[in-house]
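Below is target-v2.cif, holding mmCIF, C-alpha atoms.
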data_run
loop_
_atom_site.label_atom_id
_atom_site.label_comp_id
_atom_site.auth_asym_id
_atom_site.auth_seq_id
_atom_site.Cartn_x
_atom_site.Cartn_y
_atom_site.Cartn_z
CA MET D 1 113.09 102.85 -248.76
CA PRO D 2 110.35 102.74 -246.14
CA GLN D 3 107.94 99.94 -246.78
CA PRO D 4 104.28 100.73 -246.09
CA ASN D 5 103.28 97.14 -245.32
CA GLU D 6 105.49 97.02 -242.26
CA GLY D 7 103.22 99.29 -240.32
CA PRO D 8 103.22 97.80 -236.81
CA HIS D 9 106.65 99.26 -236.05
CA SER D 10 105.82 102.83 -236.89
CA HIS D 11 103.84 103.27 -233.68
CA ALA D 12 103.82 102.27 -230.01
CA ASN D 13 107.27 100.89 -229.33
CA THR D 14 110.30 103.07 -228.96
CA GLY D 15 112.86 100.33 -228.33
CA GLY D 16 114.88 100.92 -231.46
CA CYS D 17 112.13 99.92 -233.83
CA THR D 18 112.47 102.94 -236.05
CA SER D 19 115.71 101.57 -237.41
CA CYS D 20 114.61 97.95 -237.76
CA ARG D 21 112.91 97.91 -241.14
CA GLY D 22 115.49 95.54 -242.53
CA LEU D 23 115.59 93.58 -239.28
CA CYS D 24 111.88 92.82 -239.32
CA LYS D 25 112.02 91.44 -242.81
CA GLU D 26 115.13 89.49 -241.90
CA ALA D 27 113.41 88.03 -238.79
CA LEU D 28 110.52 86.78 -240.91
CA LYS D 29 112.81 85.31 -243.56
CA GLU D 30 115.04 83.64 -240.97
CA GLY D 31 112.18 82.00 -239.07
CA ILE D 32 110.16 80.79 -241.99
CA TYR D 33 112.84 79.76 -244.42
CA LYS D 34 116.55 80.44 -243.96
CA ASN D 35 116.83 79.28 -240.38
CA ASN D 36 113.63 77.22 -240.13
CA PRO D 37 113.27 75.79 -236.61
CA VAL D 38 112.54 72.28 -237.87
CA THR D 39 114.55 71.80 -241.03
CA CYS D 40 117.63 73.86 -240.06
CA GLN D 41 117.74 73.79 -236.27
CA VAL D 42 116.00 70.40 -235.99
CA LEU D 43 113.98 71.53 -232.96
CA GLY D 44 110.41 70.63 -232.03
CA ILE D 45 110.85 67.19 -233.55
CA CYS D 46 108.73 65.41 -230.92
CA SER D 47 105.45 67.01 -231.92
CA CYS D 48 106.57 67.19 -235.53
CA LEU D 49 106.74 63.39 -235.63
CA ALA D 50 103.74 62.75 -233.41
CA VAL D 51 100.91 64.82 -234.84
CA THR D 52 101.72 64.86 -238.55
CA ASN D 53 99.83 61.70 -239.49
CA ARG D 54 96.80 63.82 -240.31
CA LEU D 55 96.81 67.28 -241.87
CA GLU D 56 94.08 68.59 -239.58
CA ASN D 57 96.09 67.71 -236.46
CA ALA D 58 99.19 69.33 -237.92
CA LEU D 59 97.36 72.57 -238.68
CA VAL D 60 95.87 72.85 -235.19
CA MET D 61 99.28 72.12 -233.70
CA GLY D 62 100.77 74.86 -235.89
CA GLY D 63 98.06 77.22 -234.68
CA ALA D 64 98.79 76.32 -231.07
CA LEU D 65 102.47 77.07 -231.53
CA LEU D 66 101.67 80.35 -233.31
CA PHE D 67 99.59 81.47 -230.32
CA VAL D 68 102.07 80.38 -227.68
CA LEU D 69 105.26 81.52 -229.41
CA THR D 70 103.94 84.95 -230.40
CA LEU D 71 102.68 85.80 -226.93
CA SER D 72 105.53 84.23 -224.98
CA ASN D 73 108.12 86.05 -227.09
CA LEU D 74 106.22 89.31 -226.61
CA LEU D 75 105.93 88.90 -222.85
CA VAL D 76 109.50 87.71 -222.32
CA SER D 77 110.75 90.63 -224.34
CA LEU D 78 108.58 93.11 -222.39
CA LEU D 79 109.95 91.74 -219.11
CA ARG D 80 113.53 91.31 -220.32
CA LYS D 81 114.88 94.32 -218.41
CA GLN D 82 113.11 93.47 -215.15
CA MET D 83 113.82 89.75 -215.27
CA PRO D 84 116.61 88.73 -212.84
CA HIS D 85 119.22 86.82 -214.82
CA ARG D 86 119.43 83.87 -212.42
CA ILE D 87 115.77 82.89 -212.62
CA ARG D 88 115.12 83.88 -216.22
CA MET D 89 114.65 80.32 -217.44
CA VAL D 90 112.15 79.42 -214.72
CA ALA D 91 110.29 82.62 -215.48
CA GLU D 92 110.24 81.82 -219.20
CA VAL D 93 108.85 78.35 -218.56
CA ALA D 94 106.14 79.80 -216.29
CA ILE D 95 105.11 82.24 -219.00
CA ILE D 96 105.15 79.57 -221.72
CA ALA D 97 103.20 77.11 -219.56
CA THR D 98 100.53 79.70 -218.86
CA PHE D 99 99.88 80.29 -222.55
CA VAL D 100 99.94 76.58 -223.35
CA ILE D 101 97.34 75.83 -220.66
CA PHE D 102 95.23 78.69 -222.01
CA PHE D 103 95.19 77.07 -225.42
CA ASP D 104 94.56 73.60 -224.04
CA GLN D 105 91.55 74.80 -222.04
CA PHE D 106 90.23 76.66 -225.06
CA LEU D 107 90.39 73.48 -227.15
CA LYS D 108 88.71 71.45 -224.40
CA ALA D 109 85.90 74.00 -224.11
CA PHE D 110 85.20 74.71 -227.77
CA TYR D 111 86.89 72.05 -229.92
CA TRP D 112 86.33 68.95 -227.85
CA ASP D 113 86.96 66.42 -230.63
CA MET D 114 90.21 68.04 -231.70
CA SER D 115 91.48 68.21 -228.14
CA LYS D 116 90.84 64.47 -227.89
CA GLN D 117 92.68 63.84 -231.14
CA LEU D 118 95.78 65.74 -230.06
CA GLY D 119 95.83 64.12 -226.64
CA PRO D 120 98.88 65.10 -224.61
CA TYR D 121 100.72 66.93 -227.40
CA VAL D 122 99.23 70.36 -226.81
CA GLY D 123 100.42 70.22 -223.20
CA LEU D 124 103.84 69.12 -224.41
CA ILE D 125 104.35 72.46 -226.20
CA ILE D 126 105.59 73.63 -222.79
CA THR D 127 108.72 71.59 -223.37
CA ASN D 128 108.98 72.37 -227.08
CA CYS D 129 112.55 73.58 -227.64
CA ILE D 130 111.48 76.11 -230.25
CA VAL D 131 109.51 78.18 -227.74
CA MET D 132 112.22 78.17 -225.07
CA GLY D 133 114.89 78.60 -227.75
CA ARG D 134 113.32 81.73 -229.23
CA ALA D 135 112.79 83.22 -225.77
CA GLU D 136 116.44 82.66 -224.85
CA ALA D 137 118.03 83.40 -228.21
CA PHE D 138 115.87 86.25 -229.41
CA ALA D 139 113.30 87.74 -227.06
CA LEU D 140 115.80 88.40 -224.26
CA GLN D 141 117.92 90.62 -226.54
CA ASN D 142 115.33 92.30 -228.73
CA PRO D 143 112.49 94.82 -228.42
CA PRO D 144 108.92 93.49 -228.00
CA LEU D 145 107.47 93.99 -231.46
CA LEU D 146 110.48 92.54 -233.22
CA SER D 147 110.41 89.58 -230.81
CA MET D 148 106.74 89.06 -231.53
CA LEU D 149 107.48 89.05 -235.25
CA ASP D 150 110.26 86.55 -234.68
CA GLY D 151 107.78 84.36 -232.80
CA ILE D 152 105.25 84.57 -235.62
CA ALA D 153 107.93 83.77 -238.21
CA ASN D 154 109.24 80.75 -236.35
CA ALA D 155 105.76 79.42 -235.63
CA LEU D 156 104.83 79.81 -239.30
CA GLY D 157 108.02 78.01 -240.26
CA PHE D 158 107.14 75.20 -237.87
CA ALA D 159 103.53 75.05 -239.07
CA ALA D 160 104.57 75.00 -242.73
CA VAL D 161 106.95 72.09 -242.19
CA LEU D 162 104.32 70.20 -240.16
CA ALA D 163 101.72 70.78 -242.85
CA LEU D 164 104.09 69.60 -245.61
CA ILE D 165 104.97 66.42 -243.71
CA ALA D 166 101.31 65.83 -242.84
CA VAL D 167 100.20 66.21 -246.48
CA ALA D 168 102.71 63.57 -247.54
CA ARG D 169 101.90 61.22 -244.66
CA GLU D 170 98.12 61.47 -244.82
CA LEU D 171 98.09 61.12 -248.60
CA ILE D 172 100.46 58.16 -248.75
CA GLY D 173 99.39 56.53 -245.50
CA SER D 174 95.61 57.01 -245.49
CA GLY D 175 94.90 58.09 -249.09
CA SER D 176 93.08 61.20 -247.88
CA LEU D 177 93.60 64.87 -247.10
CA LEU D 178 91.84 66.59 -244.18
CA GLY D 179 89.84 63.38 -243.86
CA VAL D 180 88.51 63.59 -247.43
CA PRO D 181 89.39 60.48 -249.48
CA ILE D 182 91.61 61.45 -252.42
CA LEU D 183 93.20 58.21 -253.56
CA SER D 184 90.53 55.58 -254.16
CA ASP D 185 90.72 52.26 -252.35
CA ALA D 186 90.04 50.59 -255.69
CA TRP D 187 93.55 51.08 -257.06
CA TYR D 188 95.58 52.56 -254.22
CA VAL D 189 97.10 50.35 -251.53
CA LYS D 190 97.57 52.45 -248.38
CA ASN D 191 101.13 52.47 -247.09
CA VAL D 192 100.62 52.10 -243.35
CA LEU D 193 104.32 52.79 -242.75
CA PHE D 194 103.63 56.48 -243.34
CA VAL D 195 101.03 56.60 -240.58
CA LEU D 196 103.56 55.17 -238.14
CA ALA D 197 106.52 57.02 -236.62
CA PRO D 198 109.12 55.77 -239.18
CA GLY D 199 107.07 57.41 -241.94
CA ALA D 200 107.52 60.73 -240.16
CA PHE D 201 111.29 60.20 -239.91
CA PHE D 202 111.57 59.44 -243.64
CA THR D 203 109.40 62.38 -244.65
CA ALA D 204 111.15 64.82 -242.32
CA GLY D 205 114.54 63.51 -243.47
CA PHE D 206 113.70 64.00 -247.14
CA LEU D 207 112.40 67.49 -246.43
CA ILE D 208 115.57 68.50 -244.57
CA TRP D 209 117.69 67.08 -247.38
CA ALA D 210 115.68 68.94 -249.99
CA MET D 211 115.94 72.23 -248.07
CA ASN D 212 119.69 71.79 -247.74
CA ALA D 213 120.07 70.94 -251.39
CA ILE D 214 118.13 74.04 -252.49
CA HIS D 215 119.70 76.38 -249.98
CA PRO D 216 123.05 74.99 -248.76
CA ARG D 217 124.10 76.38 -245.41
CA GLN D 218 127.36 78.31 -245.31
CA PRO D 219 130.05 76.63 -243.20
CA SER D 220 130.26 79.75 -241.01
CA GLU D 221 126.52 79.63 -240.36
CA SER D 222 126.43 76.00 -239.30
CA GLY D 223 129.39 76.54 -236.99
CA VAL D 224 131.57 73.84 -238.56
CA MET A 1 121.06 91.15 -200.65
CA ARG A 2 119.09 93.68 -202.66
CA ASP A 3 119.46 91.38 -205.63
CA ASN A 4 117.94 88.48 -203.76
CA VAL A 5 114.96 90.53 -202.65
CA ARG A 6 114.44 91.67 -206.20
CA THR A 7 114.64 88.10 -207.50
CA LEU A 8 112.16 86.83 -204.93
CA LEU A 9 109.82 89.72 -205.57
CA PHE A 10 109.91 89.14 -209.34
CA ALA A 11 109.25 85.43 -208.92
CA ALA A 12 106.36 86.03 -206.54
CA ILE A 13 104.69 88.62 -208.76
CA LEU A 14 105.12 86.55 -211.91
CA ALA A 15 103.77 83.42 -210.20
CA ALA A 16 100.79 85.33 -208.84
CA CYS A 17 99.98 86.82 -212.24
CA CYS A 18 100.27 83.48 -214.03
CA SER A 19 98.13 81.68 -211.45
CA PHE A 20 95.51 84.39 -211.55
CA ALA A 21 95.32 84.24 -215.33
CA LEU A 22 94.99 80.46 -215.25
CA VAL A 23 92.28 80.51 -212.60
CA LEU A 24 90.34 82.99 -214.72
CA ALA A 25 90.71 80.88 -217.85
CA SER A 26 89.73 77.73 -216.04
CA HIS A 27 86.75 79.46 -214.44
CA TYR A 28 85.37 80.72 -217.75
CA THR A 29 85.86 77.50 -219.69
CA GLU A 30 84.64 75.14 -216.96
CA PRO A 31 80.91 75.17 -217.79
CA HIS A 32 81.75 74.47 -221.45
CA ARG A 33 84.16 71.71 -220.59
CA ARG A 34 81.70 70.09 -218.20
CA GLN A 35 78.90 70.31 -220.76
CA ASN A 36 81.15 68.72 -223.38
CA GLU A 37 82.08 65.90 -221.05
CA GLU A 38 78.48 65.21 -220.07
CA ALA A 39 77.21 65.36 -223.65
CA ASP A 40 80.06 63.10 -224.66
CA ARG A 41 79.14 60.56 -221.99
CA VAL A 42 75.45 60.51 -222.93
CA ARG A 43 76.20 60.42 -226.66
CA ASN A 44 78.48 57.45 -226.18
CA LEU A 45 75.91 55.61 -224.10
CA LEU A 46 73.13 56.12 -226.63
CA PHE A 47 75.37 55.41 -229.59
CA VAL A 48 76.75 52.19 -228.19
CA LEU A 49 73.25 50.94 -227.30
CA GLU A 50 72.12 51.77 -230.86
CA VAL A 51 69.30 53.95 -229.61
CA PRO A 52 67.76 55.62 -232.68
CA LEU A 53 68.77 59.30 -232.58
CA PRO A 54 67.54 62.24 -234.63
CA GLN A 55 70.07 63.73 -237.05
CA ASP A 56 72.51 66.19 -235.40
CA ALA A 57 70.86 65.95 -231.98
CA ASN A 58 72.13 68.58 -229.57
CA ALA A 59 73.14 68.07 -225.96
CA GLU A 60 69.60 68.77 -224.67
CA THR A 61 67.90 66.25 -226.94
CA LEU A 62 70.45 63.64 -226.00
CA THR A 63 69.86 64.18 -222.30
CA ARG A 64 66.09 63.98 -222.79
CA ILE A 65 66.28 60.73 -224.75
CA SER A 66 68.64 59.21 -222.23
CA LYS A 67 66.22 60.10 -219.44
CA THR A 68 63.22 58.52 -221.13
CA SER A 69 64.70 55.31 -222.46
CA LEU A 70 67.62 54.44 -220.19
CA ARG A 71 67.34 53.11 -216.68
CA GLU A 72 70.27 52.95 -214.31
CA GLY A 73 70.67 49.63 -212.62
CA THR A 74 73.34 47.48 -211.06
CA LEU A 75 74.86 44.16 -211.91
CA GLY A 76 76.57 42.54 -208.94
CA GLY A 77 77.26 45.99 -207.48
CA GLU A 78 78.58 47.57 -210.70
CA PRO A 79 76.52 50.37 -212.28
CA ILE A 80 74.94 49.53 -215.64
CA PHE A 81 72.49 51.21 -217.99
CA GLU A 82 69.52 49.27 -219.29
CA TYR A 83 67.86 50.26 -222.54
CA PHE A 84 64.09 49.91 -222.89
CA PRO A 85 62.84 50.94 -226.35
CA ASP A 86 59.24 51.10 -225.10
CA MET A 87 58.10 53.15 -222.18
CA PRO A 88 57.09 52.29 -219.50
CA PRO A 89 59.84 49.67 -219.14
CA THR A 90 58.55 46.11 -219.33
CA GLY A 91 60.25 42.73 -219.17
CA THR A 92 63.93 42.38 -219.90
CA PRO A 93 65.94 45.28 -221.30
CA ASP A 94 66.67 45.31 -225.02
CA ALA A 95 70.37 45.85 -224.34
CA VAL A 96 72.67 46.69 -221.45
CA ALA A 97 75.58 49.15 -221.34
CA ILE A 98 78.42 48.58 -218.92
CA PRO A 99 81.02 51.30 -218.28
CA PHE A 100 84.55 50.02 -217.77
CA SER A 101 88.04 51.40 -217.40
CA GLY A 102 91.56 50.17 -217.05
CA PRO A 103 95.20 51.18 -217.50
CA GLY A 104 96.35 52.06 -221.01
CA VAL A 105 99.88 52.90 -222.07
CA TRP A 106 99.90 56.57 -220.96
CA GLY A 107 96.82 56.78 -218.77
CA GLN A 108 93.44 55.31 -217.95
CA ILE A 109 91.28 54.08 -220.81
CA HIS A 110 87.54 54.59 -220.22
CA GLY A 111 84.97 52.80 -222.31
CA ILE A 112 81.41 51.57 -222.53
CA LEU A 113 80.46 48.10 -223.65
CA ALA A 114 76.92 47.40 -224.87
CA LEU A 115 75.70 43.82 -224.67
CA GLU A 116 72.58 42.13 -225.98
CA SER A 117 70.24 40.92 -223.25
CA ASP A 118 72.07 37.55 -223.13
CA LEU A 119 75.06 39.44 -221.61
CA VAL A 120 77.44 37.58 -223.94
CA THR A 121 77.00 39.05 -227.42
CA ILE A 122 78.52 42.49 -227.97
CA ARG A 123 76.30 45.12 -229.54
CA GLY A 124 78.96 47.80 -229.60
CA VAL A 125 81.86 49.37 -227.78
CA ARG A 126 83.21 52.89 -227.36
CA PHE A 127 86.55 53.92 -225.94
CA TYR A 128 85.59 57.47 -225.15
CA LYS A 129 88.36 58.74 -222.94
CA HIS A 130 91.99 57.77 -223.22
CA GLU A 131 95.46 59.24 -223.49
CA GLU A 132 96.94 56.81 -226.00
CA THR A 133 99.38 58.02 -228.66
CA PRO A 134 97.44 59.86 -231.38
CA GLY A 135 97.55 57.88 -234.62
CA LEU A 136 98.76 54.69 -232.94
CA GLY A 137 97.08 53.56 -229.72
CA GLY A 138 94.70 56.49 -230.19
CA GLU A 139 93.13 54.46 -233.01
CA ILE A 140 91.08 52.61 -230.38
CA GLY A 141 88.80 55.65 -230.48
CA THR A 142 88.19 55.37 -234.25
CA ALA A 143 85.25 53.80 -236.04
CA TRP A 144 87.11 51.01 -237.85
CA PHE A 145 88.47 49.60 -234.61
CA GLN A 146 85.24 49.90 -232.64
CA GLU A 147 82.98 48.58 -235.40
CA GLN A 148 84.73 45.22 -235.37
CA PHE A 149 83.27 44.41 -231.96
CA ALA A 150 79.62 44.26 -233.02
CA GLY A 151 78.37 40.67 -232.95
CA LYS A 152 81.49 39.30 -231.26
CA LYS A 153 81.06 37.29 -228.08
CA LEU A 154 82.74 37.50 -224.68
CA VAL A 155 83.32 33.74 -224.64
CA SER A 156 85.51 31.61 -226.90
CA ALA A 157 84.02 28.85 -229.08
CA SER A 158 84.99 26.35 -226.37
CA GLY A 159 83.13 28.34 -223.72
CA THR A 160 85.97 30.08 -221.86
CA ALA A 161 85.24 33.64 -220.78
CA GLU A 162 87.93 35.63 -222.58
CA PHE A 163 88.38 38.24 -225.28
CA ARG A 164 91.28 38.64 -227.67
CA VAL A 165 92.77 41.50 -229.68
CA ALA A 166 95.04 39.68 -232.10
CA GLY A 167 96.27 39.50 -235.69
CA ARG A 168 93.94 39.86 -238.63
CA ALA A 169 94.24 36.13 -239.48
CA GLU A 170 92.50 35.16 -236.27
CA THR A 171 89.55 37.52 -236.49
CA ASN A 172 87.09 34.86 -237.66
CA ALA A 173 87.04 33.52 -234.10
CA GLN A 174 83.89 34.66 -232.30
CA ASN A 175 85.82 36.41 -229.50
CA THR A 176 88.69 38.01 -231.46
CA VAL A 177 89.13 41.38 -233.16
CA ASP A 178 92.01 42.77 -235.22
CA GLY A 179 94.61 44.66 -233.17
CA ILE A 180 96.28 47.94 -234.12
CA THR A 181 99.55 47.82 -236.06
CA GLY A 182 102.17 49.78 -234.15
CA ALA A 183 100.16 49.79 -230.93
CA THR A 184 100.64 46.30 -229.56
CA MET A 185 100.78 47.54 -225.97
CA THR A 186 97.46 49.37 -226.25
CA SER A 187 95.89 46.36 -227.96
CA LEU A 188 97.04 44.08 -225.16
CA ARG A 189 95.72 46.43 -222.47
CA VAL A 190 92.32 46.49 -224.21
CA GLN A 191 92.41 42.70 -224.39
CA ASP A 192 93.13 42.47 -220.64
CA MET A 193 90.34 44.92 -219.82
CA LEU A 194 87.73 43.06 -221.86
CA THR A 195 88.86 39.65 -220.65
CA SER A 196 88.49 40.65 -217.01
CA LEU A 197 85.09 42.11 -217.83
CA ALA A 198 84.16 38.83 -219.59
CA LYS A 199 85.23 36.85 -216.53
CA TYR A 200 83.26 39.12 -214.23
CA LEU A 201 80.13 38.83 -216.37
CA SER A 202 80.47 35.07 -216.56
CA GLU A 203 80.59 34.93 -212.75
CA GLN A 204 77.49 37.13 -212.58
CA ARG A 205 75.63 34.91 -215.06
CA HIS A 206 76.45 31.83 -213.01
CA ALA A 207 75.45 33.57 -209.78
CA THR A 208 72.03 34.49 -211.16
CA ALA A 209 71.53 31.05 -212.75
CA LYS A 210 71.93 29.30 -209.40
#
Produce structure tokens that represent the structure in this file.
Amino acid sequence: MPQPNEGPHSHANTGGCTSCRGLCKEALKEGIYKNNPVTCQVLGICSCLAVTNRLENALVMGGALLFVLTLSNLLVSLLRKQMPHRIRMVAEVAIIATFVIFFDQFLKAFYWDMSKQLGPYVGLIITNCIVMGRAEAFALQNPPLLSMLDGIANALGFAAVLALIAVARELIGSGSLLGVPILSDAWYVKNVLFVLAPGAFFTAGFLIWAMNAIHPRQPSESGV
Amino acid sequence: MRDNVRTLLFAAILAACCSFALVLASHYTEPHRRQNEEADRVRNLLFVLEVPLPQDANAETLTRISKTSLREGTLGGEPIFEYFPDMPPTGTPDAVAIPFSGPGVWGQIHGILALESDLVTIRGVRFYKHEETPGLGGEIGTAWFQEQFAGKKLVSASGTAEFRVAGRAETNAQNTVDGITGATMTSLRVQDMLTSLAKYLSEQRHATAK
């Protein structure tokens, strides 16, 4: 059954996209839920631990990854047939770095306060394993639009996990959400542990456990 | 051989394209970035000196106010900003702002310290540019940390020129503020920076007294 809401593949690209209706849906499902980059592959943990003490930071970080991952996957996939195999990784890093610097400059020009909040972590997306991982594992073997979709899915998966962790940490650690006080100082004692790095480890650990409990991975999938 | 040429050619073209894109991006955002930095600097100066500001003043207003009520001066060779509430400037300044900087954990920490005209009592402090860990050392840029400094002195009760960033139990001392949990290194660097500034100012006070 053709699905009308999967329009982007009906035009433009000819690289096998007419037969990918199932694949597109699968790519979205894999990235966001079944093979989530953070909870299943445990990638991108550095920024996941560092910027999740406030929800606002986590959302901007998710947005940054969405921008970078979507465009880098698209460009790597477009160049995949021209790219000499020996220098493909250097080329991927150059492409990723370009998009990351774009985003960093954009923040510095138009969202000055946020760029100060995030400090070095936007720049560190260059070394985020999710971006490189998707380029290597997916974009090099798949047509552009499908790769772009895979990038969007993985970035959304990353952003969702970051947001979940940040909600827990900001609420428990600072008693607020998006900077708005939720739990009153009068009766709630802030648990500073959740603002610190260990709080991120506990929260991320619980989340991974919960995801595994709800959706246990098949032995063949996890490679055991 | 043909493979090598192809590889080199690909690398060169990709590098050229990426560089070109980055130069373009940098070129278009530069005026905005510079404006932000300048507005940030002026806002910090005025804020730390407690100059009365209109609600949501824009960059232009800030620049105008800074031009009319601040005067650049020097203190023993270091640039300072003197605040005169009344124009034309008469007598001693109401307060003095001193820019300072020093090494943090990941990069330089830049700040401005505002002192009352006695050059000992702190009116306010701002750490406006730093690369400390967000949520940990980065807390030096937040209100709760900076607000503690108002009214503190750059000398201890016994008269030694030093400043301390220590545990909460010690914060009733006139030269001590509460440090940041989880960011001991940043707290210590801030302590070093302010202590050396305190020593420098004490030397300057003695030099002018003689």
Among the residues A:Leu62, A:Val177, A:Ile140, A:Met193, the one that comes closest to chain D [using all atoms listed in the file]: A:Ile140
Explicit residue set for the PyMOL selection byres ((chain D and resi 48-54) around 9), as an MDAnalysis selection string: (chainID D and resid 38 43:47 55:59 61 118 121 158 161:171 173:174 176:179 194:201 204) or (chainID A and resid 133:135)
With the cut-off set at 6 Å and counting all atoms listed in the file, tabulate each residue of chain D with an atom at most that distance from an atom of chain A, showing the nearest atom pair and its distance in Å to one decimal, ordered by chain and increasing number, as a Markdown table.
| residue | atom | partner | partner_atom | distance |
| --- | --- | --- | --- | --- |
| D:Pro84 | CA | A:Thr7 | CA | 5.7 |
| D:Lys108 | CA | A:Arg33 | CA | 5.9 |
| D:Ala109 | CA | A:Arg33 | CA | 4.5 |
| D:Gly119 | CA | A:Glu131 | CA | 5.8 |
Selection in question (the file shown): the PyMOL selection byres ((chain A and resi 49) around 7). Which residues does it include, as a short mmCIF file (atom, residue, chain, number, x, y, z; two decimals) with C-alpha atoms, in the frame of the given file?
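Everything below was put into result_24.cif:
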data_model
loop_
_atom_site.label_atom_id
_atom_site.label_comp_id
_atom_site.auth_asym_id
_atom_site.auth_seq_id
_atom_site.Cartn_x
_atom_site.Cartn_y
_atom_site.Cartn_z
CA LEU A 45 75.91 55.61 -224.10
CA LEU A 46 73.13 56.12 -226.63
CA PHE A 47 75.37 55.41 -229.59
CA VAL A 48 76.75 52.19 -228.19
CA GLU A 50 72.12 51.77 -230.86
CA VAL A 51 69.30 53.95 -229.61
CA ALA A 95 70.37 45.85 -224.34
CA ALA A 97 75.58 49.15 -221.34
CA ALA A 114 76.92 47.40 -224.87
CA ARG A 123 76.30 45.12 -229.54
CA GLY A 124 78.96 47.80 -229.60
#
Expected answer as an MDAnalysis selection string: all residues with atoms within 12 Å of (98.8, 52.0, -218.7), only C-alpha atoms: chainID A and resid 101:110 130:133 137 185:190 192:193
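The smallest atom-to-atom distance between Gln148 (chain A) and any of A:Val125, A:Ala166, A:Ala161, A:Ala207, using all atoms listed in the file, is found for A:Val125.
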Expected answer as a PyMOL selection string: all residues with atoms within 8 Å of (107.3, 87.9, -226.6), all atoms listed in the file: chain D and resi 69-78+135+139+144-145+147-148+151
Taking every listed atom of region 193-207 of chain A and adding 8 Å to each side, what centre and edge lengths in Å (one decimal) does the axis-aligned box have, as AutoDock Vina command-line options?
--center_x 82.9 --center_y 38.4 --center_z -215.8 --size_x 30.9 --size_y 29.1 --size_z 28.1
Selection: 12 Å around Thr160 (chain A), all atoms listed in the file, excl. self and same-chain fewer than 4 positions, as a PyMOL selection string: chain A and resi 120+153-156+164+174-175+195-196+198-199+201-203
Selection file, C-alpha atoms, as a PDB file, in the frame of the given file:
ATOM      1  CA  VAL A 120      77.440  37.580-223.940  1.00  0.00           C
ATOM      2  CA  LYS A 153      81.060  37.290-228.080  1.00  0.00           C
ATOM      3  CA  LEU A 154      82.740  37.500-224.680  1.00  0.00           C
ATOM      4  CA  VAL A 155      83.320  33.740-224.640  1.00  0.00           C
ATOM      5  CA  SER A 156      85.510  31.610-226.900  1.00  0.00           C
ATOM      6  CA  ARG A 164      91.280  38.640-227.670  1.00  0.00           C
ATOM      7  CA  GLN A 174      83.890  34.660-232.300  1.00  0.00           C
ATOM      8  CA  ASN A 175      85.820  36.410-229.500  1.00  0.00           C
ATOM      9  CA  THR A 195      88.860  39.650-220.650  1.00  0.00           C
ATOM     10  CA  SER A 196      88.490  40.650-217.010  1.00  0.00           C
ATOM     11  CA  ALA A 198      84.160  38.830-219.590  1.00  0.00           C
ATOM     12  CA  LYS A 199      85.230  36.850-216.530  1.00  0.00           C
ATOM     13  CA  LEU A 201      80.130  38.830-216.370  1.00  0.00           C
ATOM     14  CA  SER A 202      80.470  35.070-216.560  1.00  0.00           C
ATOM     15  CA  GLU A 203      80.590  34.930-212.750  1.00  0.00           C
TER      16      GLU A 203
END
One-decimal distance in Å that lies between CA of Ile98 (chain A) and CA of Leu197 (chain A):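 We find that CA of Leu197 (chain A) and CA of Ile98 (chain A) lie 9.4 Å from each other.
For the pair CA of Trp209 (chain D) and CA of Ile182 (chain D), the interatomic distance is 27.2 Å.
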Residues matched by the PyMOL selection byres ((chain A and resi 63) around 10), written as an MDAnalysis selection string: chainID A and resid 38:39 41:43 46 57:62 64:68
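The gap separating CA of Ala16 (chain A) from CA of Phe99 (chain D) is 14.6 Å, in Å to one decimal.
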Closest of D:Asn191, D:Gln141, D:Asp150, D:Gly205 to Leu66 (chain D) - atom-to-atom distances counting all atoms listed in the file: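 Smallest distance to Leu66 (chain D) is found for D:Asp150.
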Best match for closeness to Pro99 (chain A) among A:Asn44, A:Ser69, A:Ser117, A:Thr142, counting all atoms listed in the file: A:Asn44
Nearest-residue call for Ile125 (chain D), choices D:Ile32, D:Val68, D:Ala186, D:Ala137, using all atoms listed in the file: D:Val68
